[in-house]
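Source file my_file.tsv; content: TSV, C-alpha atoms.
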chain	number	residue	atom	x	y	z
A	1	MET	CA	-22.26	28.68	51.60
A	2	ALA	CA	-22.88	28.02	47.90
A	3	ILE	CA	-19.98	27.99	45.45
A	4	ARG	CA	-20.48	30.99	43.17
A	5	VAL	CA	-20.08	30.29	39.45
A	6	GLY	CA	-19.48	32.51	36.43
A	7	ILE	CA	-20.43	31.01	33.06
A	8	VAL	CA	-18.33	31.82	29.98
A	9	GLY	CA	-20.13	30.99	26.75
A	10	THR	CA	-23.90	30.46	26.51
A	11	GLY	CA	-24.11	27.85	23.75
A	12	GLY	CA	-25.77	24.45	24.10
A	13	ILE	CA	-23.16	22.91	26.40
A	14	SER	CA	-23.70	25.68	28.97
A	15	ARG	CA	-27.21	24.31	29.56
A	16	ALA	CA	-25.73	20.92	30.40
A	17	HIS	CA	-23.38	22.58	32.90
A	18	ILE	CA	-26.23	24.52	34.48
A	19	ASN	CA	-28.39	21.39	34.81
A	20	ALA	CA	-25.51	19.47	36.37
A	21	TYR	CA	-24.75	22.28	38.83
A	22	ARG	CA	-28.39	22.31	39.89
A	23	LYS	CA	-28.57	18.54	40.29
A	24	ALA	CA	-25.35	18.44	42.29
A	25	GLY	CA	-26.45	21.30	44.56
A	26	GLY	CA	-24.20	23.68	46.44
A	27	PHE	CA	-23.64	26.02	43.49
A	28	GLU	CA	-25.05	29.44	42.60
A	29	ILE	CA	-24.78	30.96	39.11
A	30	VAL	CA	-23.85	34.59	39.74
A	31	ALA	CA	-22.48	35.86	36.39
A	32	VAL	CA	-22.71	35.24	32.66
A	33	CYS	CA	-20.32	36.18	29.86
A	34	ASP	CA	-20.72	35.84	26.11
A	35	ILE	CA	-19.17	37.83	23.30
A	36	ILE	CA	-22.67	38.29	21.88
A	37	ALA	CA	-24.44	40.61	24.30
A	38	SER	CA	-27.97	39.51	23.39
A	39	LYS	CA	-27.13	35.88	24.14
A	40	ALA	CA	-25.56	36.81	27.46
A	41	ARG	CA	-28.66	38.80	28.44
A	42	GLN	CA	-31.00	36.01	27.38
A	43	ALA	CA	-29.05	33.39	29.36
A	44	ALA	CA	-28.91	35.64	32.42
A	45	GLU	CA	-32.68	36.03	32.35
A	46	GLU	CA	-33.12	32.28	31.94
A	47	TRP	CA	-30.76	31.52	34.85
A	48	ASP	CA	-31.92	34.33	37.18
A	49	VAL	CA	-28.60	36.17	37.03
A	50	PRO	CA	-28.75	39.91	37.88
A	51	LYS	CA	-28.42	42.23	34.88
A	52	LYS	CA	-25.43	43.94	36.46
A	53	ASN	CA	-23.55	40.61	36.27
A	54	VAL	CA	-23.91	40.19	32.50
A	55	PHE	CA	-20.66	40.64	30.54
A	56	THR	CA	-19.19	40.46	27.06
A	57	SER	CA	-15.63	40.64	28.46
A	58	VAL	CA	-14.14	37.76	30.44
A	59	GLY	CA	-11.67	40.14	32.04
A	60	LYS	CA	-14.44	42.36	33.35
A	61	MET	CA	-16.36	39.39	34.73
A	62	LEU	CA	-13.28	38.10	36.54
A	63	GLU	CA	-13.05	41.38	38.44
A	64	MET	CA	-16.02	40.18	40.49
A	65	ASP	CA	-14.83	39.11	43.93
A	66	GLU	CA	-18.05	37.16	44.29
A	67	ILE	CA	-16.99	34.54	41.73
A	68	ASP	CA	-15.37	31.38	43.13
A	69	THR	CA	-15.32	29.23	40.00
A	70	VAL	CA	-15.71	29.64	36.26
A	71	SER	CA	-17.36	27.25	33.79
A	72	VAL	CA	-15.77	27.50	30.34
A	73	CYS	CA	-18.42	26.55	27.77
A	74	THR	CA	-16.96	28.07	24.62
A	75	TYR	CA	-16.05	26.19	21.42
A	76	ASN	CA	-12.74	24.27	21.60
A	77	GLN	CA	-10.52	27.01	20.19
A	78	GLY	CA	-11.88	29.35	22.86
A	79	HIS	CA	-10.91	27.30	25.91
A	80	ARG	CA	-7.43	28.59	26.61
A	81	ARG	CA	-7.94	32.32	27.08
A	82	PRO	CA	-10.78	32.31	29.63
A	83	THR	CA	-9.33	29.31	31.47
A	84	VAL	CA	-5.89	30.84	31.91
A	85	ALA	CA	-7.37	34.23	32.79
A	86	ALA	CA	-9.69	32.72	35.41
A	87	LEU	CA	-6.92	30.64	37.01
A	88	ASN	CA	-4.62	33.66	37.09
A	89	ALA	CA	-7.44	35.62	38.74
A	90	GLY	CA	-7.58	33.05	41.54
A	91	LYS	CA	-10.72	31.22	40.35
A	92	HIS	CA	-11.19	27.48	40.06
A	93	VAL	CA	-12.15	26.31	36.56
A	94	PHE	CA	-14.44	23.64	35.17
A	95	CYS	CA	-13.74	23.49	31.43
A	96	GLU	CA	-15.75	21.50	28.93
A	97	LYS	CA	-13.89	18.78	27.02
A	98	PRO	CA	-11.55	18.60	25.20
A	99	MET	CA	-9.09	20.49	27.35
A	100	ALA	CA	-8.05	22.42	24.26
A	101	ALA	CA	-7.80	22.16	20.50
A	102	THR	CA	-4.00	22.23	20.49
A	103	LEU	CA	-1.19	20.91	22.64
A	104	ALA	CA	0.18	24.44	23.11
A	105	ASP	CA	-3.15	25.66	24.49
A	106	ALA	CA	-3.56	22.65	26.77
A	107	THR	CA	-0.02	23.08	28.07
A	108	ALA	CA	-0.68	26.73	28.89
A	109	MET	CA	-3.82	25.77	30.78
A	110	VAL	CA	-2.07	23.14	32.90
A	111	ARG	CA	0.80	25.52	33.60
A	112	ALA	CA	-1.66	28.20	34.78
A	113	ALA	CA	-3.37	25.68	37.07
A	114	LYS	CA	-0.07	24.64	38.61
A	115	GLU	CA	1.17	28.20	39.06
A	116	SER	CA	-2.10	29.43	40.54
A	117	GLY	CA	-2.70	26.42	42.77
A	118	LYS	CA	-6.33	26.41	41.66
A	119	ILE	CA	-8.40	23.47	40.44
A	120	LEU	CA	-8.72	22.80	36.72
A	121	GLN	CA	-11.22	20.03	35.98
A	122	ILE	CA	-12.05	18.97	32.43
A	123	GLY	CA	-15.61	17.84	31.72
A	124	ILE	CA	-15.01	14.24	30.69
A	125	HIS	CA	-18.15	13.05	32.43
A	126	SER	CA	-17.89	9.43	31.20
A	127	THR	CA	-14.94	8.96	33.57
A	128	PHE	CA	-17.42	8.89	36.45
A	129	HIS	CA	-19.26	5.80	35.21
A	130	PRO	CA	-19.26	3.24	38.09
A	131	GLY	CA	-18.07	0.47	35.79
A	132	LEU	CA	-14.99	2.43	34.73
A	133	GLN	CA	-14.27	3.44	38.31
A	134	PHE	CA	-14.33	-0.24	39.31
A	135	ALA	CA	-12.20	-1.25	36.33
A	136	LYS	CA	-9.56	1.27	37.40
A	137	LYS	CA	-9.54	-0.26	40.90
A	138	VAL	CA	-9.04	-3.71	39.37
A	139	ILE	CA	-6.04	-2.39	37.44
A	140	ASP	CA	-4.68	-0.40	40.40
A	141	GLU	CA	-4.80	-3.56	42.54
A	142	GLY	CA	-2.43	-5.22	40.09
A	143	ILE	CA	-4.94	-7.94	39.17
A	144	LEU	CA	-4.09	-7.59	35.46
A	145	GLY	CA	-0.35	-7.40	36.00
A	146	ASP	CA	1.63	-5.29	33.53
A	147	ILE	CA	-0.55	-4.04	30.67
A	148	TYR	CA	1.12	-4.65	27.32
A	149	TYR	CA	-1.74	-3.89	24.92
A	150	SER	CA	-4.98	-1.90	24.96
A	151	GLU	CA	-7.67	-0.69	22.58
A	152	SER	CA	-9.83	2.42	22.73
A	153	ALA	CA	-12.65	2.72	20.21
A	154	GLY	CA	-15.85	4.64	19.58
A	155	CYS	CA	-18.05	4.63	16.50
A	156	ARG	CA	-20.79	6.68	14.91
A	157	ARG	CA	-21.86	5.25	11.56
A	158	ARG	CA	-23.42	8.57	10.54
A	159	GLY	CA	-23.05	11.10	13.29
A	160	ASN	CA	-21.36	14.22	11.97
A	161	PRO	CA	-22.60	16.99	14.33
A	162	GLY	CA	-22.04	19.86	11.91
A	163	HIS	CA	-22.12	23.47	13.20
A	164	THR	CA	-18.94	24.74	14.89
A	165	PHE	CA	-17.65	21.17	15.29
A	166	ILE	CA	-16.59	20.87	11.63
A	167	TYR	CA	-14.31	23.91	11.33
A	168	LYS	CA	-10.69	24.13	12.45
A	169	LYS	CA	-11.14	27.78	13.34
A	170	THR	CA	-13.65	26.87	16.07
A	171	ALA	CA	-13.13	23.19	16.90
A	172	GLY	CA	-9.46	22.74	16.04
A	173	ALA	CA	-10.13	19.20	14.81
A	174	GLY	CA	-13.03	16.80	14.30
A	175	ALA	CA	-14.13	13.44	15.66
A	176	ILE	CA	-10.87	12.83	17.50
A	177	VAL	CA	-11.19	15.84	19.81
A	178	ASP	CA	-14.98	15.80	19.92
A	179	ILE	CA	-15.90	12.24	20.92
A	180	GLY	CA	-12.55	10.44	20.72
A	181	VAL	CA	-11.28	12.27	23.78
A	182	TYR	CA	-13.77	10.35	25.95
A	183	ASN	CA	-12.51	6.89	25.02
A	184	MET	CA	-8.88	7.93	24.83
A	185	HIS	CA	-8.90	9.63	28.21
A	186	ASN	CA	-10.77	6.84	29.95
A	187	SER	CA	-8.30	4.21	28.71
A	188	LEU	CA	-5.36	6.34	29.85
A	189	TYR	CA	-7.09	7.03	33.18
A	190	ALA	CA	-7.79	3.35	33.84
A	191	MET	CA	-4.18	2.45	33.05
A	192	GLY	CA	-2.75	5.13	35.34
A	193	TYR	CA	-1.83	7.64	32.61
A	194	PRO	CA	1.12	5.89	30.91
A	195	LYS	CA	3.49	8.29	29.15
A	196	PRO	CA	3.18	8.24	25.31
A	197	VAL	CA	6.41	8.38	23.31
A	198	ARG	CA	5.53	7.58	19.68
A	199	VAL	CA	2.41	7.75	17.48
A	200	SER	CA	1.56	6.41	14.02
A	201	ALA	CA	-1.81	7.49	12.67
A	202	ILE	CA	-4.21	8.33	9.85
A	203	THR	CA	-7.21	10.68	9.67
A	204	GLU	CA	-9.81	10.81	6.90
A	205	ASP	CA	-12.97	12.65	5.77
A	206	TYR	CA	-14.21	10.60	2.80
A	207	ILE	CA	-17.86	10.08	3.75
A	208	SER	CA	-18.61	13.62	4.89
A	209	MET	CA	-17.16	14.95	1.66
A	210	GLN	CA	-19.93	13.04	-0.19
A	211	ASP	CA	-22.59	14.88	1.81
A	212	PRO	CA	-23.69	18.25	0.34
A	213	ARG	CA	-24.16	19.61	3.88
A	214	PHE	CA	-20.44	19.27	4.58
A	215	LYS	CA	-18.68	19.17	1.20
A	216	ASP	CA	-16.53	22.25	0.61
A	217	GLU	CA	-17.33	23.36	4.18
A	218	MET	CA	-15.81	20.89	6.62
A	219	ASP	CA	-12.04	21.02	7.13
A	220	VAL	CA	-11.63	18.52	10.00
A	221	GLU	CA	-11.50	14.71	10.18
A	222	GLU	CA	-14.45	12.33	10.47
A	223	PHE	CA	-12.27	9.29	11.25
A	224	GLY	CA	-9.00	8.65	13.01
A	225	ALA	CA	-6.91	5.64	13.96
A	226	ALA	CA	-3.61	5.56	15.79
A	227	TRP	CA	-1.01	3.20	17.18
A	228	VAL	CA	0.41	4.73	20.38
A	229	ARG	CA	3.57	3.46	22.07
A	230	PHE	CA	4.16	4.18	25.76
A	231	GLU	CA	7.36	4.61	27.72
A	232	ASN	CA	6.56	1.47	29.75
A	233	GLY	CA	6.53	-0.68	26.59
A	234	GLY	CA	2.75	-0.94	26.30
A	235	VAL	CA	0.72	0.14	23.29
A	236	LEU	CA	-2.75	1.56	22.62
A	237	LEU	CA	-4.75	1.13	19.43
A	238	PHE	CA	-7.14	4.07	19.16
A	239	LYS	CA	-10.07	4.31	16.69
A	240	ILE	CA	-12.90	6.83	16.40
A	241	SER	CA	-15.45	7.95	13.80
A	242	TRP	CA	-18.27	10.36	13.13
A	243	ALA	CA	-18.98	8.58	9.83
A	244	VAL	CA	-17.82	5.17	8.64
A	245	HIS	CA	-19.07	2.17	6.65
A	246	GLN	CA	-19.27	-0.02	9.74
A	247	ASN	CA	-21.39	-0.24	12.87
A	248	THR	CA	-18.52	-0.78	15.29
A	249	LEU	CA	-14.80	-0.12	15.45
A	250	GLY	CA	-14.35	-2.48	18.38
A	251	GLY	CA	-14.38	-2.11	22.14
A	252	ASN	CA	-12.32	-0.69	24.97
A	253	PHE	CA	-10.09	-3.18	26.74
A	254	CYS	CA	-6.70	-3.81	28.34
A	255	LEU	CA	-4.57	-6.96	28.12
A	256	GLY	CA	-2.30	-7.66	31.08
A	257	LYS	CA	0.22	-10.42	31.72
A	258	GLU	CA	-2.03	-11.87	34.44
A	259	ALA	CA	-5.54	-11.04	33.20
A	260	GLY	CA	-7.50	-8.85	30.79
A	261	ILE	CA	-10.42	-6.50	31.24
A	262	SER	CA	-13.11	-5.02	29.04
A	263	LEU	CA	-13.74	-1.45	30.18
A	264	ASP	CA	-17.16	-1.59	28.53
A	265	GLY	CA	-18.53	-4.05	31.14
A	266	PRO	CA	-16.44	-4.24	32.99
A	267	VAL	CA	-15.66	-7.91	32.40
A	268	VAL	CA	-12.48	-9.61	33.63
A	269	PHE	CA	-10.89	-12.45	31.66
A	270	ALA	CA	-8.55	-14.53	33.84
A	271	ASP	CA	-7.16	-18.01	34.48
A	272	SER	CA	-9.00	-18.05	37.82
A	273	TYR	CA	-11.19	-15.93	40.09
A	274	SER	CA	-8.32	-14.77	42.28
A	275	ASN	CA	-8.46	-14.03	45.98
A	276	ASP	CA	-7.43	-10.43	45.33
A	277	LEU	CA	-10.33	-9.89	42.94
A	278	GLN	CA	-12.73	-11.58	45.37
A	279	LYS	CA	-11.64	-9.21	48.13
A	280	LEU	CA	-12.08	-6.17	45.87
A	281	VAL	CA	-15.54	-7.28	44.77
A	282	LYS	CA	-16.59	-7.76	48.39
A	283	SER	CA	-15.20	-4.38	49.48
A	284	GLU	CA	-17.12	-2.67	46.67
A	285	GLY	CA	-20.39	-4.38	47.61
A	286	LEU	CA	-20.70	-6.04	44.19
A	287	THR	CA	-21.60	-9.52	43.03
A	288	ALA	CA	-19.26	-11.41	40.68
A	289	ASN	CA	-20.40	-13.99	38.17
A	290	PRO	CA	-17.41	-16.15	37.18
A	291	ASP	CA	-18.21	-18.44	34.24
A	292	PRO	CA	-17.12	-21.13	34.84
A	293	PRO	CA	-16.54	-20.67	38.58
A	294	ASP	CA	-13.26	-22.63	38.49
A	295	GLY	CA	-10.33	-22.57	36.11
A	296	MET	CA	-10.06	-20.20	33.15
A	297	THR	CA	-13.03	-17.89	33.58
A	298	THR	CA	-14.92	-14.85	32.36
A	299	ILE	CA	-16.08	-12.67	35.26
A	300	SER	CA	-18.92	-10.18	34.98
A	301	PHE	CA	-20.23	-8.03	37.81
A	302	GLU	CA	-23.55	-6.84	39.20
A	303	GLY	CA	-24.60	-4.30	41.79
A	304	PHE	CA	-23.35	-1.03	40.33
A	305	GLN	CA	-25.46	1.90	41.44
A	306	GLY	CA	-27.12	3.98	38.75
A	307	VAL	CA	-25.24	7.26	38.37
A	308	ASP	CA	-25.94	10.47	36.48
A	309	VAL	CA	-22.38	11.04	35.31
A	310	TRP	CA	-23.02	14.73	34.62
A	311	GLU	CA	-24.17	15.20	38.19
A	312	ALA	CA	-21.35	13.02	39.53
A	313	GLN	CA	-18.63	15.12	37.90
A	314	MET	CA	-20.09	18.29	39.41
A	315	VAL	CA	-20.38	16.70	42.86
A	316	ALA	CA	-16.70	15.76	42.58
A	317	PHE	CA	-15.85	19.29	41.46
A	318	ARG	CA	-17.84	20.77	44.35
A	319	GLU	CA	-16.03	18.67	46.93
A	320	ALA	CA	-12.64	19.47	45.41
A	321	VAL	CA	-13.39	23.20	45.56
A	322	LYS	CA	-14.51	22.92	49.17
A	323	THR	CA	-11.32	21.14	50.17
A	324	ASP	CA	-8.97	22.99	47.78
A	325	GLY	CA	-8.36	20.02	45.53
A	326	PRO	CA	-6.84	18.06	43.99
A	327	SER	CA	-8.79	18.00	40.76
A	328	PRO	CA	-10.91	14.82	40.47
A	329	ILE	CA	-9.61	14.44	36.91
A	330	PRO	CA	-5.92	15.46	36.95
A	331	PRO	CA	-5.23	18.03	34.22
A	332	ASP	CA	-1.77	16.50	33.78
A	333	GLY	CA	-3.51	13.26	32.82
A	334	VAL	CA	-5.90	14.91	30.39
A	335	LEU	CA	-2.91	16.70	28.85
A	336	LEU	CA	-1.74	13.29	27.59
A	337	THR	CA	-4.75	13.20	25.26
A	338	ASN	CA	-3.50	16.43	23.69
A	339	VAL	CA	0.00	14.98	23.41
A	340	ILE	CA	-1.40	11.97	21.54
A	341	MET	CA	-3.78	14.01	19.40
A	342	ASP	CA	-0.96	16.32	18.38
A	343	GLY	CA	1.02	13.23	17.40
A	344	ILE	CA	-1.94	11.87	15.41
A	345	PHE	CA	-2.20	14.97	13.23
A	346	ARG	CA	1.55	15.27	12.74
A	347	SER	CA	1.84	11.57	11.87
A	348	HIS	CA	-0.96	11.76	9.31
A	349	LYS	CA	0.58	14.84	7.71
A	350	SER	CA	4.05	13.27	7.49
A	351	GLY	CA	2.86	9.78	6.57
A	352	LYS	CA	5.06	8.16	9.19
A	353	GLU	CA	5.41	7.47	12.90
A	354	VAL	CA	6.39	10.49	14.98
A	355	ALA	CA	7.90	11.03	18.40
A	356	VAL	CA	5.78	12.82	21.00
A	357	LYS	CA	6.91	14.56	24.15
A	358	VAL	CA	4.98	15.20	27.34
A	359	PRO	CA	5.49	18.79	28.53
A	360	GLU	CA	7.40	19.29	31.76
A	361	PHE	CA	6.43	21.85	34.38
Target format structure tokens, applied to this file:
Amino acid sequence: MAIRVGIVGTGGISRAHINAYRKAGGFEIVAVCDIIASKARQAAEEWDVPKKNVFTSVGKMLEMDEIDTVSVCTYNQGHRRPTVAALNAGKHVFCEKPMAATLADATAMVRAAKESGKILQIGIHSTFHPGLQFAKKVIDEGILGDIYYSESAGCRRRGNPGHTFIYKKTAGAGAIVDIGVYNMHNSLYAMGYPKPVRVSAITEDYISMQDPRFKDEMDVEEFGAAWVRFENGGVLLFKISWAVHQNTLGGNFCLGKEAGISLDGPVVFADSYSNDLQKLVKSEGLTANPDPPDGMTTISFEGFQGVDVWEAQMVAFREAVKTDGPSPIPPDGVLLTNVIMDGIFRSHKSGKEVAVKVPEF
């Protein structure tokens, strides 16, 4: 039997959700909700949803017993209310990234998921890239040893998206929550979600303020950089931009006491091609290319299968719903991005390092 989905919000990202549901298979779109009635009706017609299942009220839509899951496709500041309402109504939720614009909203969403026992998956599709999945296995196997330093970076030289992304009232923040959440989450995910304890950061908007399209309009950041300390003694240097006078802010990597890894490859940097890594490579059906083959070496890998990460995240969601979880991307883990982002904005405002605290449930 198909998993029956209600869509909340009919903006551009909803089309990506619909396409991914269709590629994954096993889903049926049965209801549509948007606060603008004409948009809800138009989307319903486009997606072959019956007119009787078109809503402008999330609460009314959630009264449908036929709905199994809800896709939350609203702007960032609109994630909390429909997510919490759907979870409380006994529906599983797939919510577009970021989890929320604020730590308070994200905390409420995780709490609702825990109390309801339903799945909450956040749409960080890049997590399903085969290279990152393999890199996580390398780290989980202990091949790097203890990780003492890591970097997470993403760069657009001129890539301010405009629209609802540049206003606090809709997006909550700028580049950090929009595209930074991908890199930040994937680094945390690969490292096993270390607990952040302190953050020192800056955010800026210089370049966008020189652009007449954004000047006097935009009230979010185009650039952010942060130094994050973890409870285990490790640190993360995080950098992200929509607009910057540079074509790169660096890569994504982890340094361990035994080896290092670039998450962008992945590529392992080690003193030797260890037996443990050889066994993992063989079990994954990959080919390793150690250069040189003996002694201190740089190891790249071949044989990863091509994956549509949008489809992959929906396949994972489908299987979790069928088996009643757990969520393929733990909401507790994604919550750490909100903890760090909250620290970034507080640190920039105060001009000094700040303590951060992970919510307890």
Among the residues A:Lys137, A:Arg156, A:His185, A:Lys169, the one that comes closest to A:Ile340 [using all atoms listed in the file]: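 Using all atoms listed in the file, the shortest distance to A:Ile340 belongs to A:His185.
A straight line drawn from atom CA of A:Glu221 to atom CA of A:Ser241 is 8.6 Å long.
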Interatomic distance (Å, one decimal) between atom CA of A:Asn53 and atom CA of A:Arg318: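 Value for the atom CA of A:Asn53-atom CA of A:Arg318 distance: 22.2 Å.
Taking atom CA of A:Gly78 and atom CA of A:Met109 as endpoints, the distance between them is 11.9 Å.
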Nearest-residue call for A:Gly256, choices A:Ile139, A:Met64, A:Leu286, A:Val72, using only C-alpha atoms: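 Of A:Ile139, A:Met64, A:Leu286, A:Val72, the one nearest A:Gly256, counting only C-alpha atoms, is A:Ile139.
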Protein/DNA/RNA residues near (1.8, -0.4, 22.5), cut 10 Å, all atoms listed in the file, as a PyMOL selection string: chain A and resi 147-151+196-199+227-237
Given only C-alpha atoms as the counted atoms, nearest of A:His245, A:Lys195, A:Lys60, A:His163 to A:Arg213: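 Under the stated criterion, the closest residue is A:His163.
The closest residue to A:Lys322, picked from A:Tyr273, A:Tyr193, A:Phe27, A:Tyr21 and counting only C-alpha atoms, is A:Phe27.
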Mind checking which residues fall within 12 Å of A:Glu284, counting only C-alpha atoms, ignoring those fewer than 3 positions away in the same chain, and posting them as a PDB file with C-alpha atoms, in the frame of the given file?
ATOM      1  CA  PRO A 130     -19.260   3.240  38.090  1.00  0.00           C
ATOM      2  CA  GLY A 131     -18.070   0.470  35.790  1.00  0.00           C
ATOM      3  CA  GLN A 133     -14.270   3.440  38.310  1.00  0.00           C
ATOM      4  CA  PHE A 134     -14.330  -0.240  39.310  1.00  0.00           C
ATOM      5  CA  ALA A 135     -12.200  -1.250  36.330  1.00  0.00           C
ATOM      6  CA  LYS A 137      -9.540  -0.260  40.900  1.00  0.00           C
ATOM      7  CA  VAL A 138      -9.040  -3.710  39.370  1.00  0.00           C
ATOM      8  CA  LEU A 277     -10.330  -9.890  42.940  1.00  0.00           C
ATOM      9  CA  GLN A 278     -12.730 -11.580  45.370  1.00  0.00           C
ATOM     10  CA  LYS A 279     -11.640  -9.210  48.130  1.00  0.00           C
ATOM     11  CA  LEU A 280     -12.080  -6.170  45.870  1.00  0.00           C
ATOM     12  CA  VAL A 281     -15.540  -7.280  44.770  1.00  0.00           C
ATOM     13  CA  THR A 287     -21.600  -9.520  43.030  1.00  0.00           C
ATOM     14  CA  ALA A 288     -19.260 -11.410  40.680  1.00  0.00           C
ATOM     15  CA  PHE A 301     -20.230  -8.030  37.810  1.00  0.00           C
ATOM     16  CA  GLU A 302     -23.550  -6.840  39.200  1.00  0.00           C
ATOM     17  CA  GLY A 303     -24.600  -4.300  41.790  1.00  0.00           C
ATOM     18  CA  PHE A 304     -23.350  -1.030  40.330  1.00  0.00           C
ATOM     19  CA  GLN A 305     -25.460   1.900  41.440  1.00  0.00           C
TER      20      GLN A 305
END
Sorted by chain and rising residue number, which residues of stretch 169-217 of chain A lie within 10 Å of stretch 88-103 of chain A, and what are their closest atom pairs and distances in Å to one decimal, counting only C-alpha atoms, as a tab-separated table?
residue	atom	partner	partner_atom	distance
A:Lys169	CA	A:Ala101	CA	9.7
A:Thr170	CA	A:Ala101	CA	8.7
A:Ala171	CA	A:Ala101	CA	6.5
A:Gly172	CA	A:Ala101	CA	4.8
A:Ala173	CA	A:Ala101	CA	6.8
A:Gly174	CA	A:Ala101	CA	9.7
A:Ile176	CA	A:Pro98	CA	9.6
A:Val177	CA	A:Pro98	CA	6.1
A:Asp178	CA	A:Pro98	CA	6.9
A:Ile179	CA	A:Pro98	CA	8.8
A:Gly180	CA	A:Pro98	CA	9.4
A:Val181	CA	A:Pro98	CA	6.5
A:Tyr182	CA	A:Lys97	CA	8.5
A:His185	CA	A:Pro98	CA	9.8
